[in-house]
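Asker: Can you keep this structure in mind? I'll have questions shortly.
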2 protein chains.
Amino acid sequence: MRADARSNHERILAAARALFASDGADTQVDAIARRAGVGVGTVYRHFPDKDALMGALVRERFIAFNEQLREAISKGEQQPFAALCEALRANSTALAEDAGTRFAFMRGGERVFAHAHDEVEEYLALTNVLVDRAKRAGSVRPDFDVADVPMLMCGVCATIDAGKGGAGWDWRRHLELVLAGMAAAVAEPSVTSGGTP
Amino acid sequence: MRADARSNHERILAAARALFASDGADTQVDAIARRAGVGVGTVYRHFPDKDALMGALVRERFIAFNEQLREAISKGEQQPFAALCEALRANSTALAEDAGTRFAFMRGGERVFAHAHDEVEEYLALTNVLVDRAKRAGSVRPDFDVADVPMLMCGVCATIDAGKGGAGWDWRRHLELVLAGMAAAVAEPSVTSGGTP
DNA sequence: ACCTGAACACCGTTCAAGT
DNA sequence: ACCTGAACACCGTTCAAGT
């Protein structure tokens, strides 16, 4: 790729992240092109459509998530559950600081996540290392599954977004309640008896 | 309101719910009008814009939520935590069966929820009755707050939607983990020490 | 190879004319 | 009072012309 093309590629992504963050659903491709200092056609040369732009943001985020997970894996051998919690806190904090990517997470559908397929697979594999260790140590409920992690994190992400919008919710609280639910604590009879078997 | 106008009003809402459910973000106002058997202008006569249409769906849903809460309040005097859990399960199940309203919940912003302001207030007041009873009974963590309920339910709603879209997530599982986190269980030291104070 | 931006297509919203 | 739908405005995407 030519040097100017690579520079355009990066500037378009940065512009998209900034504008999705500030304008959300009102973000226009024209505005992204203008902010990146290129013509609209150039945006479409680098990213086939708006979904691909959002997909690229999601992909970058998962690459960063995976880096944080690798760090937790290498540092947290002695306290597996604490390591898992710290990794999820680190992931959430990063997401909380990146409203543009959050927009892509929440508003992009399957088509958007498809652009990050490999990175999501790696995310699950790395998370599984942490979950598995914690389960062996007996500090996570035995019926907990790796697939529960993105499910619960999707909920935290929804709270981050809604929380900034006037509702005044605290995603850190949401995350801590979720971590408490993961822990191998003695749940009340009424909880464990009432749910899906 | 004239009888034909009231009938149109209801048919437009039903058409919107059905089309938001099947077409999501691709739902066109023209299509809603066609399905309701009216002209576009009539849609705009009843609902000033698309947000108002979504807001009406949200409003109807909260009215139904509140009915379910009142039922749980009147039936669950003896087992306050079980009553709270049952109410949240009933709310979630209703939402899981109404993809059109879910779309409005997730994609509508503050402007959409503003159309249901009073109903949301009542929802919080009714939920507080259940939470308060359970806290007095010692079965919900003492630091739990009513405002945590919509926050956590927002997460469950995100899972319902994402779960139907190929990810294969089970919102019932999400809800049960959330209920376990609400319970006054003995959390691991590593959880309680690491979060926001 | 890559870039540009005018032109096209699509859809939310309005409003003059109708009952 | 309420309804209709053609017309307008706006924005995602394309593509012929340029470097």
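The chains in the structure tokens are called A, B, ... from first to last as shown; in each chain the residues are counted from 1, and the ligands are counted from 1 in the order shown.
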Within 12 Å of DA17 (chain D), counting only C-alpha atoms (C1' of nucleotides), which residues show up once you throw out same-chain ones fewer than 6 positions away? Write them as a list in words, please.

Answerer: DC3, DT4, DG5 and DA6 of chain C

Asker: Those residues with N, CA and C atoms (P, O5', C5', C4', C3', O3' and C1' of nucleotides), as a CSV table (one decimal), in the first residue's frame please?

Answerer:
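result-v6.csv written:
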chain,number,residue,atom,x,y,z
C,3,DC,P,-6.0,7.2,-1.9
C,3,DC,O5',-6.5,8.4,-2.8
C,3,DC,C5',-5.7,9.5,-3.0
C,3,DC,C4',-6.4,10.6,-3.8
C,3,DC,C3',-7.7,11.0,-3.1
C,3,DC,O3',-7.7,12.4,-2.9
C,3,DC,C1',-8.1,10.4,-5.4
C,4,DT,P,-8.9,13.1,-2.1
C,4,DT,O5',-9.8,13.6,-3.3
C,4,DT,C5',-9.3,14.5,-4.3
C,4,DT,C4',-10.4,14.8,-5.3
C,4,DT,C3',-11.7,15.3,-4.6
C,4,DT,O3',-11.9,16.6,-5.0
C,4,DT,C1',-12.1,13.7,-6.3
C,5,DG,P,-12.8,17.6,-4.1
C,5,DG,O5',-14.3,17.5,-4.8
C,5,DG,C5',-14.3,17.7,-6.2
C,5,DG,C4',-15.7,17.2,-6.7
C,5,DG,C3',-16.9,17.6,-5.8
C,5,DG,O3',-18.0,17.7,-6.7
C,5,DG,C1',-16.8,15.3,-6.1
C,6,DA,P,-18.8,19.1,-6.7
C,6,DA,O5',-19.7,19.0,-8.0
C,6,DA,C5',-19.1,18.7,-9.2
C,6,DA,C4',-19.9,17.6,-10.0
C,6,DA,C3',-21.4,17.9,-10.0
C,6,DA,O3',-21.9,17.5,-11.3
C,6,DA,C1',-20.9,15.8,-9.0

Asker: Give the residues of chain B that lie within 10 Å of chain C; count only C-alpha atoms (C1' of nucleotides), and format the answer as a ChimeraX atom specification.

Answerer: /B:26-30,40-41,44,48-50

Asker: Convert the current residue selection to file output with N, CA and C atoms, as a PDB file, in the first residue's frame.

Answerer:
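For reference, again06.pdb as written:
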ATOM      1  N   ASP B  26     -34.120  -0.932   9.121  1.00  0.00           N
ATOM      2  CA  ASP B  26     -34.524  -0.706   7.728  1.00  0.00           C
ATOM      3  C   ASP B  26     -36.006  -0.335   7.608  1.00  0.00           C
ATOM      4  N   THR B  27     -36.696  -0.296   8.723  1.00  0.00           N
ATOM      5  CA  THR B  27     -38.138  -0.011   8.677  1.00  0.00           C
ATOM      6  C   THR B  27     -38.405   1.394   8.143  1.00  0.00           C
ATOM      7  N   GLN B  28     -39.208   1.478   7.090  1.00  0.00           N
ATOM      8  CA  GLN B  28     -39.551   2.777   6.514  1.00  0.00           C
ATOM      9  C   GLN B  28     -40.941   3.221   6.969  1.00  0.00           C
ATOM     10  N   VAL B  29     -41.075   4.509   7.149  1.00  0.00           N
ATOM     11  CA  VAL B  29     -42.371   5.049   7.560  1.00  0.00           C
ATOM     12  C   VAL B  29     -43.424   4.747   6.488  1.00  0.00           C
ATOM     13  N   ASP B  30     -43.011   4.823   5.218  1.00  0.00           N
ATOM     14  CA  ASP B  30     -43.917   4.465   4.126  1.00  0.00           C
ATOM     15  C   ASP B  30     -44.471   3.053   4.303  1.00  0.00           C
ATOM     16  N   VAL B  40     -49.020   8.172   4.338  1.00  0.00           N
ATOM     17  CA  VAL B  40     -47.923   8.597   5.226  1.00  0.00           C
ATOM     18  C   VAL B  40     -48.335   9.781   6.081  1.00  0.00           C
ATOM     19  N   GLY B  41     -49.057  10.705   5.455  1.00  0.00           N
ATOM     20  CA  GLY B  41     -49.463  11.903   6.183  1.00  0.00           C
ATOM     21  C   GLY B  41     -50.221  11.578   7.454  1.00  0.00           C
ATOM     22  N   TYR B  44     -47.928  10.770  10.257  1.00  0.00           N
ATOM     23  CA  TYR B  44     -47.342  11.980  10.835  1.00  0.00           C
ATOM     24  C   TYR B  44     -48.369  12.837  11.573  1.00  0.00           C
ATOM     25  N   PRO B  48     -45.675  12.783  15.656  1.00  0.00           N
ATOM     26  CA  PRO B  48     -44.906  13.851  15.028  1.00  0.00           C
ATOM     27  C   PRO B  48     -43.653  13.379  14.272  1.00  0.00           C
ATOM     28  N   ASP B  49     -43.013  12.329  14.738  1.00  0.00           N
ATOM     29  CA  ASP B  49     -41.879  11.774  13.993  1.00  0.00           C
ATOM     30  C   ASP B  49     -41.645  10.318  14.388  1.00  0.00           C
ATOM     31  N   LYS B  50     -40.627   9.710  13.807  1.00  0.00           N
ATOM     32  CA  LYS B  50     -40.353   8.292  14.040  1.00  0.00           C
ATOM     33  C   LYS B  50     -40.082   8.023  15.528  1.00  0.00           C
TER      34      LYS B  50
END

Asker: Which residues, written as an MDAnalysis selection string, have at least one atom at most 7 Å from region 162-175 of chain B, with only C-alpha atoms (C1' of nucleotides) counted and residues fewer than 3 positions away on the same chain left out?

Answerer: (chainID A and resid 110 151:152 196) or (chainID B and resid 156 158:159 178:179)

Asker: Find the residues near region 93-101 of chain A: any atom within 8 Å, counting only C-alpha atoms (C1' of nucleotides), skip ones fewer than 3 places away on the same chain, and give them as a short mmCIF file (atom, residue, chain, number, x, y, z; two decimals) with C-alpha atoms, in the first residue's frame.

Answerer:
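Saved file result00.cif follows:
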data_model
loop_
_atom_site.label_atom_id
_atom_site.label_comp_id
_atom_site.auth_asym_id
_atom_site.auth_seq_id
_atom_site.Cartn_x
_atom_site.Cartn_y
_atom_site.Cartn_z
CA ALA A 16 -14.87 7.91 12.03
CA ARG A 17 -14.14 7.09 15.67
CA ALA A 18 -14.27 10.76 16.65
CA LEU A 19 -17.48 11.47 14.75
CA PHE A 20 -19.34 8.32 15.80
CA ALA A 21 -18.43 9.38 19.34
CA SER A 22 -19.81 12.91 19.03
CA GLY A 24 -23.68 8.90 16.93
CA MET A 54 -17.60 0.27 12.06
CA LEU A 57 -13.21 -0.03 14.77
CA VAL A 58 -14.55 -3.19 16.41
CA ARG A 61 -10.82 -2.83 19.88
CA ARG A 89 -12.31 -4.25 34.31
CA ALA A 90 -9.50 -3.30 31.95
CA ALA A 104 -20.09 0.41 16.51
CA PHE A 105 -20.50 -2.32 19.15
CA CYS A 157 -21.46 -1.91 27.29
CA ILE A 160 -21.89 2.56 29.60
CA ASP A 161 -23.76 4.12 26.69
#

Asker: What's the 9 Å shell around Arg111 (chain A), counting only C-alpha atoms (C1' of nucleotides), without same-chain residues fewer than 3 positions away, as a list in words?

Answerer: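 Within the cut-off, the hits are Asp51, Ala52, Gly55, Gly108, Ala114 and His115 of chain A.
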
Asker: What is the distance between CA of Asp145 (chain A) and CA of Met182 (chain A), in Å to one decimal?

Answerer: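 Separation of CA of Asp145 (chain A) and CA of Met182 (chain A): 9.7 Å.
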
Asker: Give the alpha helix (DSSP H) residues of region 11-146 of chain B, as assigned by DSSP on the backbone, as a PyMOL selection string.

Answerer: chain B and resi 11-23+29-36+40-46+50-75+80-96+99-107+110-113+117-136

Asker: May I ask for the distance between CA of Val140 (chain A) and CA of Asp132 (chain B), given in Å to one decimal place?

Answerer: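 Taking CA of Val140 (chain A) as the start and CA of Asp132 (chain B) as the end point, the length is 28.7 Å.
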
Asker: Would you compute the distance between CA of Val38 (chain B) and CA of Ala25 (chain B)? Give it in Å to one decimal.

Answerer: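 Distance between the two atoms: 21.3 Å.
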
Asker: So which one's closest to chain B, A:Val43, A:Leu13, A:Met106, A:Val129? Using only C-alpha atoms, please.

Answerer: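 Among the listed residues, A:Met106 lies closest to chain B.
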